[in-house]
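S.K.: First the structure, then my questions, so here it is.
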Amino acid sequence: MQDITLHLLLLLFAASFFAGFVDSIAGGGGLITVPAMLLAGIPPLQTLGTNKVQSIFGAASATIAYARQGHVRLRTQLPMALMAVIGGMLGAALATIMPGDVLRIILPFLLIAIALYFAFKPNLNDIEKHGRMSATLFGFTFVPLIGFYDGAFGPGTGSFFMLAFVTLVGFGMLKATAHTKLLNFGSNLGSLIVFIFSGVILWKVGLTMGLGQFLGAQAGSRLAMRIGARLIKPLLVIVCIAFAIKLLADPTNPVRVWLGF
């Protein structure tokens, strides 16, 4: 593609700032940045690779902000983050043979189910509960699986991490959000490494948007720490529903093709 113009870079910066703000609270930043890059004329494969550059800035920014306030302990969570890195690398490496149509069929309904769970489940707050499994077991099972999904496909990863932390490990909403950002950073890093070697990254776009993501994530994470579950829960529901609508609105989605509309 031709060199991107300054005004498009500024628009992408603004989009990434808003994406970083939303993503640091409830995930779903890719719902904003990926369409923005496609509308700017960036080819799909380069969009996916470049999106990982700017996403990692947002995840790192939010992780740092939450860690400074003690909501996530980086040293003790490094093994879990490493599993996310490995999962992201494997997912990105095997993306070409993943059953993409199957994921596009199932994902909207999974996101709607997650939204309904968080909308109607009582007693979802910032208080920790007894988990169904230990954090160690969770780190070696579900973390690499969700990381693999992030590297191979991506949309909804933050929502899946949030749901898993709350329902399986027993984390409160704020703690789940903080740890989700750390694991998002890990899976983004793993897939980014693969995309770097594939040569599909537009570095000027990625770094410009990365700055926007970093600043937006700082603002969003600070707001989330002040308000907690009262902000995280409704925004997570909105993001999941928006993702599902976006996926089903695609005329090439297999569900629409099958139903004939």
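Here's how to read the names in the structure tokens: chain A, B, ... by the order shown, residue numbers from 1 in each chain, ligand numbers from 1 in the order shown.
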I'd like the contact shell of segment 33-40 of chain A - 7 Å cut-off, only C-alpha atoms, skipping same-chain residues fewer than 6 positions apart - returned as number ranges by chain.
M.R.: A: 8, 12, 15-16, 19, 47, 51
S.K.: Determine which residues of segment 11-244 of chain A DSSP labels as helix (DSSP H, G or I) from the backbone of this structure, then write them out as a count of residues only.
M.R.: 193
S.K.: How many Å separate atom CA of Asp250 of chain A from atom CA of Ser198 of chain A?
M.R.: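 Separation between atom CA of Asp250 of chain A and atom CA of Ser198 of chain A: 27.3 Å.
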S.K.: Skip Phe214 of chain A itself and residues of its chain fewer than 2 positions away, then list as a PDB file with N, CA, C and O atoms, in the first residue's frame all residues within 10 Å of it, counting only C-alpha atoms.
M.R.:
ATOM      1  N   SER A  16      -7.197   4.644  18.415  1.00  0.00           N
ATOM      2  CA  SER A  16      -6.456   3.768  19.318  1.00  0.00           C
ATOM      3  C   SER A  16      -6.526   4.265  20.765  1.00  0.00           C
ATOM      4  O   SER A  16      -6.515   3.460  21.700  1.00  0.00           O
ATOM      5  N   PHE A  17      -6.596   5.596  20.958  1.00  0.00           N
ATOM      6  CA  PHE A  17      -6.750   6.124  22.315  1.00  0.00           C
ATOM      7  C   PHE A  17      -8.074   5.644  22.911  1.00  0.00           C
ATOM      8  O   PHE A  17      -8.111   5.142  24.048  1.00  0.00           O
ATOM      9  N   ALA A  19      -9.816   3.069  21.924  1.00  0.00           N
ATOM     10  CA  ALA A  19      -9.735   1.614  22.057  1.00  0.00           C
ATOM     11  C   ALA A  19      -8.972   1.226  23.314  1.00  0.00           C
ATOM     12  O   ALA A  19      -9.358   0.300  24.032  1.00  0.00           O
ATOM     13  N   GLY A  20      -7.869   1.916  23.593  1.00  0.00           N
ATOM     14  CA  GLY A  20      -7.097   1.626  24.791  1.00  0.00           C
ATOM     15  C   GLY A  20      -7.892   1.884  26.055  1.00  0.00           C
ATOM     16  O   GLY A  20      -7.799   1.137  27.035  1.00  0.00           O
ATOM     17  N   PHE A  21      -8.679   2.961  26.049  1.00  0.00           N
ATOM     18  CA  PHE A  21      -9.526   3.301  27.192  1.00  0.00           C
ATOM     19  C   PHE A  21     -10.532   2.181  27.464  1.00  0.00           C
ATOM     20  O   PHE A  21     -10.653   1.686  28.587  1.00  0.00           O
ATOM     21  N   SER A  24      -8.841  -1.406  28.393  1.00  0.00           N
ATOM     22  CA  SER A  24      -8.261  -1.528  29.726  1.00  0.00           C
ATOM     23  C   SER A  24      -9.302  -1.822  30.786  1.00  0.00           C
ATOM     24  O   SER A  24      -8.983  -2.295  31.872  1.00  0.00           O
ATOM     25  N   GLN A  54       0.098  -2.273  18.262  1.00  0.00           N
ATOM     26  CA  GLN A  54      -0.548  -1.263  19.092  1.00  0.00           C
ATOM     27  C   GLN A  54      -1.271  -1.893  20.286  1.00  0.00           C
ATOM     28  O   GLN A  54      -1.341  -1.291  21.356  1.00  0.00           O
ATOM     29  N   SER A  55      -1.762  -3.109  20.138  1.00  0.00           N
ATOM     30  CA  SER A  55      -2.456  -3.777  21.246  1.00  0.00           C
ATOM     31  C   SER A  55      -1.522  -4.044  22.412  1.00  0.00           C
ATOM     32  O   SER A  55      -1.927  -3.948  23.582  1.00  0.00           O
ATOM     33  N   ILE A  56      -0.281  -4.384  22.097  1.00  0.00           N
ATOM     34  CA  ILE A  56       0.650  -4.720  23.171  1.00  0.00           C
ATOM     35  C   ILE A  56       0.984  -3.490  24.006  1.00  0.00           C
ATOM     36  O   ILE A  56       1.231  -3.579  25.210  1.00  0.00           O
ATOM     37  N   PHE A  57       0.954  -2.291  23.384  1.00  0.00           N
ATOM     38  CA  PHE A  57       1.172  -1.060  24.136  1.00  0.00           C
ATOM     39  C   PHE A  57       0.034  -0.838  25.127  1.00  0.00           C
ATOM     40  O   PHE A  57       0.259  -0.470  26.281  1.00  0.00           O
ATOM     41  N   GLY A  58      -1.197  -1.040  24.667  1.00  0.00           N
ATOM     42  CA  GLY A  58      -2.344  -0.857  25.544  1.00  0.00           C
ATOM     43  C   GLY A  58      -2.351  -1.846  26.694  1.00  0.00           C
ATOM     44  O   GLY A  58      -2.608  -1.480  27.849  1.00  0.00           O
ATOM     45  N   ALA A  59      -2.069  -3.121  26.394  1.00  0.00           N
ATOM     46  CA  ALA A  59      -2.045  -4.146  27.440  1.00  0.00           C
ATOM     47  C   ALA A  59      -0.938  -3.873  28.448  1.00  0.00           C
ATOM     48  O   ALA A  59      -1.125  -4.042  29.658  1.00  0.00           O
ATOM     49  N   ALA A  60       0.235  -3.449  27.963  1.00  0.00           N
ATOM     50  CA  ALA A  60       1.346  -3.131  28.864  1.00  0.00           C
ATOM     51  C   ALA A  60       1.011  -1.948  29.749  1.00  0.00           C
ATOM     52  O   ALA A  60       1.285  -1.955  30.959  1.00  0.00           O
ATOM     53  N   SER A  61       0.405  -0.919  29.166  1.00  0.00           N
ATOM     54  CA  SER A  61       0.043   0.283  29.916  1.00  0.00           C
ATOM     55  C   SER A  61      -0.936  -0.046  31.033  1.00  0.00           C
ATOM     56  O   SER A  61      -0.757   0.365  32.189  1.00  0.00           O
ATOM     57  N   ALA A  62      -1.999  -0.796  30.700  1.00  0.00           N
ATOM     58  CA  ALA A  62      -2.991  -1.155  31.708  1.00  0.00           C
ATOM     59  C   ALA A  62      -2.389  -2.055  32.778  1.00  0.00           C
ATOM     60  O   ALA A  62      -2.668  -1.899  33.981  1.00  0.00           O
ATOM     61  N   MET A 209      -0.258   4.272  16.721  1.00  0.00           N
ATOM     62  CA  MET A 209      -1.433   3.791  17.420  1.00  0.00           C
ATOM     63  C   MET A 209      -1.076   3.242  18.797  1.00  0.00           C
ATOM     64  O   MET A 209      -1.874   3.311  19.739  1.00  0.00           O
ATOM     65  N   GLY A 210       0.135   2.695  18.912  1.00  0.00           N
ATOM     66  CA  GLY A 210       0.584   2.193  20.203  1.00  0.00           C
ATOM     67  C   GLY A 210       0.644   3.289  21.249  1.00  0.00           C
ATOM     68  O   GLY A 210       0.286   3.082  22.413  1.00  0.00           O
ATOM     69  N   LEU A 211       1.088   4.482  20.847  1.00  0.00           N
ATOM     70  CA  LEU A 211       1.116   5.619  21.767  1.00  0.00           C
ATOM     71  C   LEU A 211      -0.301   5.982  22.207  1.00  0.00           C
ATOM     72  O   LEU A 211      -0.558   6.233  23.390  1.00  0.00           O
ATOM     73  N   GLY A 212      -1.242   5.983  21.249  1.00  0.00           N
ATOM     74  CA  GLY A 212      -2.631   6.255  21.586  1.00  0.00           C
ATOM     75  C   GLY A 212      -3.197   5.213  22.539  1.00  0.00           C
ATOM     76  O   GLY A 212      -3.885   5.543  23.519  1.00  0.00           O
ATOM     77  N   GLY A 216      -4.584   5.934  26.312  1.00  0.00           N
ATOM     78  CA  GLY A 216      -5.973   5.578  26.581  1.00  0.00           C
ATOM     79  C   GLY A 216      -6.102   4.541  27.682  1.00  0.00           C
ATOM     80  O   GLY A 216      -7.000   4.622  28.530  1.00  0.00           O
ATOM     81  N   ALA A 217      -5.192   3.562  27.698  1.00  0.00           N
ATOM     82  CA  ALA A 217      -5.232   2.521  28.720  1.00  0.00           C
ATOM     83  C   ALA A 217      -4.908   3.075  30.103  1.00  0.00           C
ATOM     84  O   ALA A 217      -5.456   2.618  31.110  1.00  0.00           O
ATOM     85  N   GLN A 218      -4.017   4.061  30.163  1.00  0.00           N
ATOM     86  CA  GLN A 218      -3.727   4.699  31.451  1.00  0.00           C
ATOM     87  C   GLN A 218      -4.985   5.353  32.008  1.00  0.00           C
ATOM     88  O   GLN A 218      -5.318   5.201  33.190  1.00  0.00           O
ATOM     89  N   ALA A 219      -5.702   6.085  31.164  1.00  0.00           N
ATOM     90  CA  ALA A 219      -6.922   6.765  31.603  1.00  0.00           C
ATOM     91  C   ALA A 219      -8.002   5.758  32.001  1.00  0.00           C
ATOM     92  O   ALA A 219      -8.655   5.902  33.047  1.00  0.00           O
TER      93      ALA A 219
END
S.K.: Sorted by chain and rising residue number, which residues of segment 64-87 of chain A lie within 7 Å of segment 164-184 of chain A, and what are their closest atom pairs and distances in Å to one decimal, counting only C-alpha atoms, as JSON lines?
M.R.:
{"residue": "A:Tyr66", "atom": "CA", "partner": "A:Ala178", "partner_atom": "CA", "distance": 5.7}
{"residue": "A:His71", "atom": "CA", "partner": "A:Lys175", "partner_atom": "CA", "distance": 5.7}
{"residue": "A:Val72", "atom": "CA", "partner": "A:Ala178", "partner_atom": "CA", "distance": 6.1}
{"residue": "A:Ala81", "atom": "CA", "partner": "A:Leu183", "partner_atom": "CA", "distance": 5.3}
{"residue": "A:Ala84", "atom": "CA", "partner": "A:Leu183", "partner_atom": "CA", "distance": 5.8}
S.K.: I'd like the contact shell of Pro79 of chain A - 12 Å cut-off, only C-alpha atoms, skipping same-chain residues fewer than 2 positions apart - returned as a PyMOL selection string.
M.R.: chain A and resi 73-77+81-86+135-140+143-144+182-183+186
S.K.: List the neighbours of segment 106-114 of chain A out to 6 Å using only C-alpha atoms; skip same-chain residues closer than 5 positions along the sequence, and give me the result as number ranges by chain.
M.R.: A: 240-241, 244
S.K.: Can you pull out every residue within 7 Å of Ala92 of chain A, counting only C-alpha atoms, but drop anything in the same chain fewer than 3 positions away, and send it as a VMD selection string?
M.R.: chain A and resid 88 to 89 95 151 to 152 191 194
S.K.: Please, could you write that set of residues out with N, CA, C and O atoms as a short mmCIF file (atom, residue, chain, number, x, y, z; two decimals), in the first residue's frame?
M.R.:
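Output (selection08.cif):
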data_model
loop_
_atom_site.label_atom_id
_atom_site.label_comp_id
_atom_site.auth_asym_id
_atom_site.auth_seq_id
_atom_site.Cartn_x
_atom_site.Cartn_y
_atom_site.Cartn_z
N GLY A 88 -0.09 -17.73 22.44
CA GLY A 88 -0.20 -16.75 21.37
C GLY A 88 0.69 -17.07 20.19
O GLY A 88 0.29 -16.90 19.03
N MET A 89 1.91 -17.53 20.47
CA MET A 89 2.84 -17.89 19.40
C MET A 89 2.29 -19.05 18.58
O MET A 89 2.30 -19.03 17.35
N ALA A 95 -2.40 -20.12 12.44
CA ALA A 95 -3.62 -19.41 12.05
C ALA A 95 -4.14 -19.84 10.69
O ALA A 95 -5.36 -19.85 10.46
N GLY A 151 -3.96 -15.64 19.42
CA GLY A 151 -3.00 -15.60 18.32
C GLY A 151 -3.61 -16.01 17.00
O GLY A 151 -3.26 -15.47 15.95
N ALA A 152 -4.56 -16.94 17.04
CA ALA A 152 -5.13 -17.47 15.81
C ALA A 152 -6.30 -16.65 15.29
O ALA A 152 -6.51 -16.57 14.07
N SER A 191 2.08 -13.66 19.70
CA SER A 191 1.65 -13.56 18.31
C SER A 191 2.42 -12.48 17.56
O SER A 191 2.70 -12.62 16.37
N VAL A 194 5.63 -13.78 16.05
CA VAL A 194 5.41 -14.53 14.80
C VAL A 194 5.16 -13.56 13.65
O VAL A 194 5.70 -13.72 12.55
#
S.K.: Could you check how far atom CA of Arg226 of chain A sits from atom CA of Ala115 of chain A, in Å to one decimal?
M.R.: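 Separation of atom CA of Arg226 of chain A and atom CA of Ala115 of chain A: 22.7 Å.
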